[in-house]
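Text of model.txt, listed as compact mmCIF, C-alpha atoms (C1' of nucleotides):
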# COMPACT_ATOMS: atom_id res chain seq x y z
CA MET A 1 0.00 0.00 0.00
CA ARG A 2 2.94 2.27 -0.62
CA LYS A 3 3.45 2.68 -4.32
CA GLY A 4 4.84 6.09 -5.17
CA LEU A 5 4.34 7.09 -1.58
CA VAL A 6 8.02 7.22 -0.76
CA GLU A 7 8.72 9.60 -3.61
CA TYR A 8 5.95 11.86 -2.38
CA CYS A 9 7.40 11.87 1.12
CA ILE A 10 10.92 12.56 -0.12
CA LEU A 11 9.80 15.57 -2.11
CA SER A 12 7.79 16.80 0.86
CA ILE A 13 10.83 16.60 3.09
CA LEU A 14 13.14 18.27 0.60
CA ALA A 15 10.59 21.00 -0.02
CA ARG A 16 11.34 22.22 3.49
CA LYS A 17 15.11 21.91 3.56
CA GLU A 18 17.98 20.21 1.80
CA ALA A 19 19.12 16.90 3.22
CA TYR A 20 21.32 13.88 2.50
CA ALA A 21 20.21 10.29 2.26
CA SER A 22 20.83 9.12 5.80
CA SER A 23 19.13 12.14 7.31
CA ILE A 24 16.10 11.58 5.08
CA ILE A 25 15.85 7.99 6.24
CA GLU A 26 16.07 9.22 9.81
CA GLU A 27 13.26 11.69 9.31
CA LEU A 28 11.05 9.08 7.68
CA LYS A 29 11.72 6.75 10.57
CA ASN A 30 10.57 9.45 12.96
CA ALA A 31 7.26 9.45 11.13
CA ASP A 32 7.02 5.65 11.49
CA MET A 33 7.77 5.16 7.82
CA ILE A 34 10.55 2.70 7.21
CA VAL A 35 12.57 3.14 4.04
CA VAL A 36 15.89 1.48 3.31
CA GLU A 37 18.90 2.66 1.36
CA GLY A 38 18.22 0.35 -1.57
CA THR A 39 14.94 2.17 -2.05
CA LEU A 40 16.09 5.70 -1.42
CA TYR A 41 19.25 6.03 -3.49
CA PRO A 42 17.81 4.92 -6.83
CA LEU A 43 14.84 7.16 -6.18
CA LEU A 44 16.97 10.22 -5.50
CA ILE A 45 19.01 9.56 -8.62
CA ARG A 46 15.90 9.09 -10.72
CA ASP A 47 14.34 12.29 -9.49
CA LYS A 48 17.56 14.15 -10.09
CA ASN A 49 17.70 12.86 -13.67
CA GLN A 50 14.13 14.05 -14.17
CA GLY A 51 15.04 17.49 -12.94
CA LEU A 52 12.94 17.33 -9.78
CA LEU A 53 15.96 17.38 -7.49
CA SER A 54 19.47 18.67 -7.55
CA TYR A 55 22.36 18.24 -5.11
CA ARG A 56 25.63 19.69 -3.89
CA TRP A 57 28.54 18.08 -2.08
CA VAL A 58 29.09 19.13 1.50
CA GLU A 59 32.12 18.18 3.57
CA SER A 60 31.39 16.37 6.80
CA THR A 61 33.35 16.78 10.03
CA GLN A 62 33.05 13.05 10.56
CA GLY A 63 33.21 10.70 7.61
CA PRO A 64 33.05 11.14 3.87
CA PRO A 65 31.37 14.08 2.13
CA ARG A 66 27.60 14.09 1.78
CA LYS A 67 25.32 14.67 -1.16
CA TYR A 68 22.82 17.27 -0.02
CA TYR A 69 19.75 17.10 -2.21
CA PHE A 70 17.38 20.00 -2.68
CA ILE A 71 14.17 20.42 -4.62
CA THR A 72 14.00 22.34 -7.91
CA GLU A 73 11.28 24.56 -9.30
CA LYS A 74 10.09 21.69 -11.43
CA GLY A 75 10.16 19.47 -8.37
CA ARG A 76 7.85 21.88 -6.56
CA GLU A 77 5.42 21.75 -9.43
CA VAL A 78 5.34 17.96 -9.39
CA LEU A 79 5.00 18.00 -5.62
CA GLY A 80 1.97 20.22 -6.00
CA GLN A 81 0.39 17.66 -8.30
CA MET A 82 1.23 14.90 -5.86
CA ASP A 83 -0.40 16.87 -3.06
CA ALA A 84 -3.57 17.05 -5.10
CA ALA A 85 -3.41 13.36 -6.00
CA TRP A 86 -2.86 12.44 -2.37
CA THR A 87 -5.80 14.51 -1.20
CA ASP A 88 -8.02 13.00 -3.88
CA MET A 89 -6.98 9.50 -2.98
CA VAL A 90 -7.67 9.97 0.72
CA LYS A 91 -11.01 11.47 -0.18
CA SER A 92 -11.89 8.54 -2.44
CA VAL A 93 -11.05 5.95 0.17
CA GLU A 94 -12.96 7.77 2.87
CA MET A 95 -15.90 8.01 0.50
CA LEU A 96 -15.85 4.25 -0.05
CA LYS A 97 -15.46 3.45 3.63
CA ASN A 98 -18.21 5.75 4.82
CA ARG A 99 -20.79 4.97 2.16
CA GLU A 100 -23.56 3.91 4.53
CA MET B 1 0.77 5.66 -5.21
CA ARG B 2 -1.68 2.80 -5.13
CA LYS B 3 0.03 -0.35 -4.01
CA GLY B 4 -2.35 -2.60 -2.14
CA LEU B 5 -4.92 0.14 -2.19
CA VAL B 6 -7.25 -1.63 -4.57
CA GLU B 7 -7.40 -4.71 -2.38
CA TYR B 8 -8.26 -2.53 0.59
CA CYS B 9 -11.06 -0.86 -1.35
CA ILE B 10 -12.45 -4.15 -2.60
CA LEU B 11 -12.66 -5.57 0.88
CA SER B 12 -14.27 -2.36 2.11
CA ILE B 13 -16.92 -2.58 -0.56
CA LEU B 14 -17.62 -6.26 0.00
CA ALA B 15 -17.79 -5.70 3.75
CA ARG B 16 -21.03 -3.82 3.13
CA LYS B 17 -22.68 -6.08 0.58
CA GLU B 18 -21.91 -8.83 -1.90
CA ALA B 19 -21.15 -7.76 -5.47
CA TYR B 20 -19.83 -9.03 -8.77
CA ALA B 21 -16.82 -7.73 -10.66
CA SER B 22 -18.46 -5.23 -12.98
CA SER B 23 -20.48 -3.67 -10.19
CA ILE B 24 -17.37 -3.33 -8.06
CA ILE B 25 -15.62 -1.53 -10.88
CA GLU B 26 -18.63 0.73 -11.21
CA GLU B 27 -18.59 1.59 -7.54
CA LEU B 28 -14.88 2.33 -7.62
CA LYS B 29 -15.40 4.58 -10.60
CA ASN B 30 -18.02 6.50 -8.65
CA ALA B 31 -15.34 7.21 -6.08
CA ASP B 32 -13.00 8.46 -8.83
CA MET B 33 -10.86 5.36 -8.53
CA ILE B 34 -10.23 3.69 -11.83
CA VAL B 35 -9.58 -0.04 -11.80
CA VAL B 36 -9.64 -2.31 -14.82
CA GLU B 37 -10.73 -5.91 -15.19
CA GLY B 38 -7.18 -7.19 -15.57
CA THR B 39 -6.48 -5.88 -12.08
CA LEU B 40 -9.70 -6.86 -10.38
CA TYR B 41 -10.24 -10.47 -11.44
CA PRO B 42 -6.86 -11.84 -10.39
CA LEU B 43 -7.22 -9.97 -7.12
CA LEU B 44 -10.63 -11.47 -6.39
CA ILE B 45 -9.33 -14.93 -7.17
CA ARG B 46 -6.30 -14.42 -4.99
CA ASP B 47 -8.35 -13.22 -2.05
CA LYS B 48 -10.74 -16.12 -2.49
CA ASN B 49 -7.84 -18.59 -2.42
CA GLN B 50 -6.60 -16.97 0.76
CA GLY B 51 -10.00 -17.37 2.34
CA LEU B 52 -10.76 -13.66 2.58
CA LEU B 53 -13.59 -13.86 0.08
CA SER B 54 -16.07 -16.42 -1.14
CA TYR B 55 -18.62 -16.32 -3.94
CA ARG B 56 -21.84 -17.77 -5.27
CA TRP B 57 -23.27 -17.90 -8.78
CA VAL B 58 -26.33 -15.80 -9.44
CA GLU B 59 -28.39 -15.96 -12.62
CA SER B 60 -28.75 -12.68 -14.44
CA THR B 61 -31.86 -11.56 -16.32
CA GLN B 62 -29.63 -10.20 -19.03
CA GLY B 63 -26.41 -11.91 -19.96
CA PRO B 64 -24.39 -14.74 -18.42
CA PRO B 65 -24.51 -15.61 -14.71
CA ARG B 66 -22.53 -13.56 -12.28
CA LYS B 67 -20.07 -14.44 -9.56
CA TYR B 68 -21.24 -12.60 -6.49
CA TYR B 69 -18.37 -12.25 -4.06
CA PHE B 70 -18.82 -11.73 -0.34
CA ILE B 71 -16.40 -11.26 2.52
CA THR B 72 -15.60 -14.02 5.02
CA GLU B 73 -14.89 -13.81 8.72
CA LYS B 74 -11.20 -14.02 7.98
CA GLY B 75 -11.62 -11.30 5.40
CA ARG B 76 -13.13 -9.02 8.02
CA GLU B 77 -10.17 -9.60 10.26
CA VAL B 78 -7.73 -8.70 7.53
CA LEU B 79 -9.82 -5.68 6.64
CA GLY B 80 -9.55 -4.53 10.23
CA GLN B 81 -5.77 -4.70 9.99
CA MET B 82 -5.86 -2.81 6.72
CA ASP B 83 -7.98 -0.11 8.30
CA ALA B 84 -5.36 0.32 10.98
CA ALA B 85 -2.52 0.36 8.44
CA TRP B 86 -4.37 2.91 6.33
CA THR B 87 -4.96 5.20 9.29
CA ASP B 88 -1.33 4.95 10.31
CA MET B 89 -0.13 5.74 6.82
CA VAL B 90 -2.33 8.79 6.50
CA LYS B 91 -1.14 9.94 9.89
CA SER B 92 2.51 9.49 8.91
CA VAL B 93 2.16 11.44 5.71
CA GLU B 94 0.29 14.26 7.41
CA MET B 95 2.98 14.37 10.04
CA LEU B 96 5.67 14.77 7.39
CA LYS B 97 3.74 17.38 5.48
CA ASN B 98 2.86 19.49 8.49
CA ARG B 99 6.19 19.35 10.29
CA GLU B 100 6.91 23.02 10.87
C1' DT C 1 52.05 2.57 8.65
C1' DT C 2 48.67 -0.70 8.51
C1' DT C 3 44.31 -2.10 10.18
C1' DT C 4 39.81 -1.38 11.84
C1' DA C 5 35.44 0.99 12.61
C1' DG C 6 32.22 4.26 11.14
C1' DT C 7 29.85 6.76 7.73
C1' DA C 8 28.05 7.46 3.15
C1' DC C 9 26.98 6.27 -1.50
C1' DC C 10 25.73 2.78 -5.13
C1' DT C 11 24.27 -1.57 -7.70
C1' DT C 12 21.98 -5.95 -8.70
C1' DG C 13 18.35 -9.17 -8.43
C1' DC C 14 13.79 -10.29 -6.83
C1' DG C 15 8.76 -10.21 -5.66
C1' DG C 16 4.43 -8.16 -5.99
C1' DT C 17 0.92 -4.84 -7.69
C1' DA C 18 -1.60 -2.85 -11.27
C1' DC C 19 -2.16 -2.14 -16.25
C1' DA C 20 -2.87 -3.29 -21.25
C1' DA C 21 -4.52 -6.27 -24.38
C1' DA C 22 -6.35 -10.22 -26.04
C1' DG C 23 -9.21 -14.35 -25.36
C1' DT C 24 -13.26 -17.44 -23.86
C1' DA C 25 -18.07 -18.13 -22.78
C1' DT C 26 -23.02 -17.20 -22.17
C1' DT C 27 -27.32 -14.91 -23.36
C1' DG C 28 -30.82 -12.74 -26.21
C1' DA C 29 -32.12 -10.12 -30.18
C1' DA C 30 -31.78 -9.21 -35.21
C1' DT D 1 -27.26 -18.25 -37.22
C1' DT D 2 -25.07 -14.33 -36.75
C1' DC D 3 -24.25 -10.36 -33.98
C1' DA D 4 -23.99 -7.49 -29.89
C1' DA D 5 -23.79 -7.18 -25.04
C1' DT D 6 -22.33 -8.89 -20.81
C1' DA D 7 -19.17 -11.36 -17.83
C1' DC D 8 -15.22 -13.93 -16.59
C1' DT D 9 -10.15 -15.14 -17.51
C1' DT D 10 -5.28 -15.17 -18.98
C1' DT D 11 -0.77 -13.45 -20.55
C1' DG D 12 2.79 -10.21 -20.81
C1' DT D 13 4.72 -5.84 -19.20
C1' DA D 14 6.29 -1.91 -16.24
C1' DC D 15 7.54 -0.14 -12.18
C1' DC D 16 7.98 0.33 -7.11
C1' DG D 17 10.12 -0.99 -3.02
C1' DC D 18 13.06 -4.44 -0.57
C1' DA D 19 17.11 -7.42 0.49
C1' DA D 20 21.66 -8.03 0.15
C1' DG D 21 26.00 -7.05 -1.13
C1' DG D 22 29.66 -3.86 -2.73
C1' DT D 23 32.68 0.51 -3.11
C1' DA D 24 34.83 4.55 -1.14
C1' DC D 25 36.32 7.97 2.11
C1' DT D 26 37.80 9.41 6.93
C1' DA D 27 39.72 9.01 11.39
C1' DA D 28 41.29 6.52 15.21
C1' DA D 29 43.60 2.40 17.07
C1' DA D 30 47.18 -1.12 16.80
Rendering of file as structure tokens:
Amino acid sequence: MRKGLVEYCILSILARKEAYASSIIEELKNADMIVVEGTLYPLLIRDKNQGLLSYRWVESTQGPPRKYYFITEKGREVLGQMDAAWTDMVKSVEMLKNRE
Amino acid sequence: MRKGLVEYCILSILARKEAYASSIIEELKNADMIVVEGTLYPLLIRDKNQGLLSYRWVESTQGPPRKYYFITEKGREVLGQMDAAWTDMVKSVEMLKNRE
DNA sequence: TTTTAGTACCTTGCGGTACAAAGTATTGAA
DNA sequence: TTCAATACTTTGTACCGCAAGGTACTAAAA
């Protein structure tokens, strides 16, 4: 029951502030949404190739440098559509559940 | 953004009253949720094999007989779990969206 | 200086869901 | 008996998310 949901959540997170993979996973975990690296990395790369995200390297005080991803203008547009789709979907399900 | 969602909706519909495939598709369409035959039939069969659904043949006044599916006790249990999972998921997404 | 531990990024293969498209079967009307 | 409408079924495909394993960089310990 999660198809496309992760991408929506990623864009939502990055719409607020830039972040690197591990920190995104951490934030998702805080919302009780478990996502693993093997899911996240390909997704970030795909969204970057589609122009929804971009990134910059940032040195870390401990460990290797980090890829900080941030959302693009195009990414915000797509996120807006996803917001609408999400709202519609929730509405549809509630409609089905509450139909008498 | 729909994985497992259709199954949840089917069980919700059949929890209220028995129905056959075409009528289920119609009801989903009324809730702005498009599902095609190629999705629905295998799903009904799968759920029947898992004991969540059962069916009976009903003669139709126009056209071939229909398989009327209805939910089983086990199906209601699973539906209850899906309700909980759905609520949790909506809560998680709202939490991510509204953080700050 | 070499090894080890920790952090971060990436790739490959798999399973499952939903879709598209084509096929089979039954009924009743032309 | 042929055609249209209805209903059920099957096959192949695409894509998402997961599991598992691999590469690379840094710093501290041996």
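Across the structure, atom CA of Leu5 of chain B and atom CA of Leu96 of chain B are spaced 20.4 Å apart.
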Chain B on chain A, least-squares, complete ordered Cα pairing, as an mmCIF file with C-alpha atoms, keeping the file's coordinate frame:
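Output (out39.cif):
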data_model
loop_
_atom_site.group_PDB
_atom_site.id
_atom_site.type_symbol
_atom_site.label_atom_id
_atom_site.label_comp_id
_atom_site.auth_asym_id
_atom_site.auth_seq_id
_atom_site.Cartn_x
_atom_site.Cartn_y
_atom_site.Cartn_z
ATOM 1 C CA MET B 1 -0.022 0.040 0.081
ATOM 2 C CA ARG B 2 2.911 2.300 -0.612
ATOM 3 C CA LYS B 3 3.400 2.702 -4.314
ATOM 4 C CA GLY B 4 4.824 6.095 -5.139
ATOM 5 C CA LEU B 5 4.353 7.122 -1.555
ATOM 6 C CA VAL B 6 8.038 7.266 -0.762
ATOM 7 C CA GLU B 7 8.722 9.635 -3.629
ATOM 8 C CA TYR B 8 5.947 11.893 -2.398
ATOM 9 C CA CYS B 9 7.415 11.915 1.101
ATOM 10 C CA ILE B 10 10.922 12.611 -0.140
ATOM 11 C CA LEU B 11 9.800 15.604 -2.128
ATOM 12 C CA SER B 12 7.793 16.847 0.845
ATOM 13 C CA ILE B 13 10.828 16.648 3.069
ATOM 14 C CA LEU B 14 13.148 18.309 0.578
ATOM 15 C CA ALA B 15 10.591 21.044 -0.043
ATOM 16 C CA ARG B 16 11.333 22.272 3.473
ATOM 17 C CA LYS B 17 15.105 21.959 3.548
ATOM 18 C CA GLU B 18 17.985 20.242 1.798
ATOM 19 C CA ALA B 19 19.119 16.904 3.226
ATOM 20 C CA TYR B 20 21.300 13.911 2.498
ATOM 21 C CA ALA B 21 20.187 10.302 2.247
ATOM 22 C CA SER B 22 20.806 9.118 5.788
ATOM 23 C CA SER B 23 19.088 12.127 7.303
ATOM 24 C CA ILE B 24 16.086 11.607 5.058
ATOM 25 C CA ILE B 25 15.828 8.021 6.212
ATOM 26 C CA GLU B 26 16.042 9.231 9.785
ATOM 27 C CA GLU B 27 13.244 11.707 9.286
ATOM 28 C CA LEU B 28 11.048 9.094 7.652
ATOM 29 C CA LYS B 29 11.690 6.758 10.541
ATOM 30 C CA ASN B 30 10.543 9.460 12.936
ATOM 31 C CA ALA B 31 7.245 9.460 11.088
ATOM 32 C CA ASP B 32 7.010 5.664 11.461
ATOM 33 C CA MET B 33 7.761 5.176 7.790
ATOM 34 C CA ILE B 34 10.525 2.715 7.175
ATOM 35 C CA VAL B 35 12.553 3.127 4.004
ATOM 36 C CA VAL B 36 15.856 1.446 3.269
ATOM 37 C CA GLU B 37 18.879 2.660 1.352
ATOM 38 C CA GLY B 38 18.219 0.369 -1.598
ATOM 39 C CA THR B 39 14.930 2.190 -2.101
ATOM 40 C CA LEU B 40 16.056 5.725 -1.429
ATOM 41 C CA TYR B 41 19.242 6.081 -3.471
ATOM 42 C CA PRO B 42 17.850 4.967 -6.821
ATOM 43 C CA LEU B 43 14.848 7.189 -6.209
ATOM 44 C CA LEU B 44 16.985 10.249 -5.517
ATOM 45 C CA ILE B 45 19.024 9.590 -8.628
ATOM 46 C CA ARG B 46 15.923 9.122 -10.714
ATOM 47 C CA ASP B 47 14.355 12.337 -9.494
ATOM 48 C CA LYS B 48 17.601 14.187 -10.095
ATOM 49 C CA ASN B 49 17.731 12.903 -13.680
ATOM 50 C CA GLN B 50 14.176 14.081 -14.179
ATOM 51 C CA GLY B 51 15.095 17.519 -12.933
ATOM 52 C CA LEU B 52 12.968 17.380 -9.794
ATOM 53 C CA LEU B 53 15.972 17.417 -7.498
ATOM 54 C CA SER B 54 19.522 18.679 -7.556
ATOM 55 C CA TYR B 55 22.386 18.251 -5.113
ATOM 56 C CA ARG B 56 25.655 19.669 -3.871
ATOM 57 C CA TRP B 57 28.560 18.049 -2.050
ATOM 58 C CA VAL B 58 29.100 19.083 1.534
ATOM 59 C CA GLU B 59 32.125 18.117 3.607
ATOM 60 C CA SER B 60 31.333 16.304 6.815
ATOM 61 C CA THR B 61 33.260 16.690 10.070
ATOM 62 C CA GLN B 62 32.983 12.971 10.578
ATOM 63 C CA GLY B 63 33.088 10.584 7.671
ATOM 64 C CA PRO B 64 32.971 11.023 3.896
ATOM 65 C CA PRO B 65 31.319 14.007 2.193
ATOM 66 C CA ARG B 66 27.594 14.065 1.801
ATOM 67 C CA LYS B 67 25.315 14.662 -1.144
ATOM 68 C CA TYR B 68 22.843 17.266 -0.011
ATOM 69 C CA TYR B 69 19.766 17.119 -2.198
ATOM 70 C CA PHE B 70 17.387 20.021 -2.673
ATOM 71 C CA ILE B 71 14.189 20.453 -4.633
ATOM 72 C CA THR B 72 14.027 22.368 -7.921
ATOM 73 C CA GLU B 73 11.301 24.575 -9.312
ATOM 74 C CA LYS B 74 10.117 21.698 -11.440
ATOM 75 C CA GLY B 75 10.170 19.488 -8.383
ATOM 76 C CA ARG B 76 7.856 21.887 -6.584
ATOM 77 C CA GLU B 77 5.441 21.744 -9.458
ATOM 78 C CA VAL B 78 5.366 17.974 -9.411
ATOM 79 C CA LEU B 79 5.000 18.015 -5.650
ATOM 80 C CA GLY B 80 1.957 20.221 -6.046
ATOM 81 C CA GLN B 81 0.400 17.644 -8.350
ATOM 82 C CA MET B 82 1.241 14.896 -5.897
ATOM 83 C CA ASP B 83 -0.413 16.835 -3.106
ATOM 84 C CA ALA B 84 -3.572 17.015 -5.160
ATOM 85 C CA ALA B 85 -3.410 13.313 -6.049
ATOM 86 C CA TRP B 86 -2.851 12.407 -2.410
ATOM 87 C CA THR B 87 -5.819 14.459 -1.255
ATOM 88 C CA ASP B 88 -8.021 12.919 -3.911
ATOM 89 C CA MET B 89 -6.969 9.417 -2.978
ATOM 90 C CA VAL B 90 -7.648 9.939 0.698
ATOM 91 C CA LYS B 91 -11.010 11.405 -0.185
ATOM 92 C CA SER B 92 -11.877 8.430 -2.395
ATOM 93 C CA VAL B 93 -10.993 5.889 0.236
ATOM 94 C CA GLU B 94 -12.915 7.728 2.931
ATOM 95 C CA MET B 95 -15.875 7.896 0.612
ATOM 96 C CA LEU B 96 -15.802 4.132 0.114
ATOM 97 C CA LYS B 97 -15.364 3.411 3.784
ATOM 98 C CA ASN B 98 -18.109 5.726 4.963
ATOM 99 C CA ARG B 99 -20.712 4.927 2.330
ATOM 100 C CA GLU B 100 -23.730 4.091 4.456
#
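Pairwise distance (atom CA of Glu73 of chain A, atom CA of Ile45 of chain A) equals 16.9 Å.
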**Request:** Write out as number ranges by chain which residues come within 8 Å of Tyr20 of chain B when counting all atoms listed in the file, dropping same-chain ones fewer than 6 positions away.
**Result:** B: 66-69
**Request:** Taking only C-alpha atoms into account, report as a ChimeraX atom specification which residues of chain B lie within 10 Å of chain A.
**Result:** /B:1-13,15-16,27-33,82-83,85-86,88-100
Restrict the calculation to all atoms listed in the file, then for each residue of chain C with any atom at most 10 Å from an atom of chain A give the closest atom pair and their distance in Å to one decimal, rows by chain and rising residue number, as CSV.
residue,atom,partner,partner_atom,distance
C:DG6,C1',A:Gly63,CA,7.4
C:DT7,C1',A:Gly63,CA,5.2
C:DA8,C1',A:Pro64,CA,6.2
C:DC9,C1',A:Tyr41,CA,8.0
C:DC10,C1',A:Tyr41,CA,7.4
C:DT11,C1',A:Gly38,CA,8.8
C:DT17,C1',A:Lys3,CA,8.6
**Request:** Just give me the gap between atom CA of Lys74 of chain B and atom CA of Lys17 of chain B in Å, one decimal is fine.
**Result:**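 Between these atoms lies a distance of 15.8 Å.
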**Message:** Which residues are near DG13 of chain C? Cut-off 12 Å, all atoms listed in the file, ignore same chain within fewer than 4 positions. Put them as a ChimeraX atom specification.
**Reply:** /A:38 /D:18-21
Write the selection just made, keeping C-alpha atoms (C1' of nucleotides), as a compact mmCIF listing (two decimals), in the coordinates of the input?
# COMPACT_ATOMS: atom_id res chain seq x y z
CA GLY A 38 18.22 0.35 -1.57
C1' DC D 18 13.06 -4.44 -0.57
C1' DA D 19 17.11 -7.42 0.49
C1' DA D 20 21.66 -8.03 0.15
C1' DG D 21 26.00 -7.05 -1.13
Proximity of chain D to chain A: per-residue shortest pair, 6 Å limit, all atoms listed in the file, as JSON lines:
{"residue": "D:DC16", "atom": "C1'", "partner": "A:Lys3", "partner_atom": "CA", "distance": 5.8}
{"residue": "D:DG17", "atom": "C1'", "partner": "A:Thr39", "partner_atom": "CA", "distance": 5.8}
{"residue": "D:DC25", "atom": "C1'", "partner": "A:Pro64", "partner_atom": "CA", "distance": 4.9}
{"residue": "D:DT26", "atom": "C1'", "partner": "A:Gly63", "partner_atom": "CA", "distance": 4.8}
Give me a file of those residues, with C-alpha atoms (C1' of nucleotides), as a PDB file, keeping the file's coordinate frame.
ATOM      1  C1'  DC D  16       7.980   0.330  -7.110  1.00  0.00           C
ATOM      2  C1'  DG D  17      10.120  -0.990  -3.020  1.00  0.00           C
ATOM      3  C1'  DC D  25      36.320   7.970   2.110  1.00  0.00           C
ATOM      4  C1'  DT D  26      37.800   9.410   6.930  1.00  0.00           C
TER       5       DT D  26
END
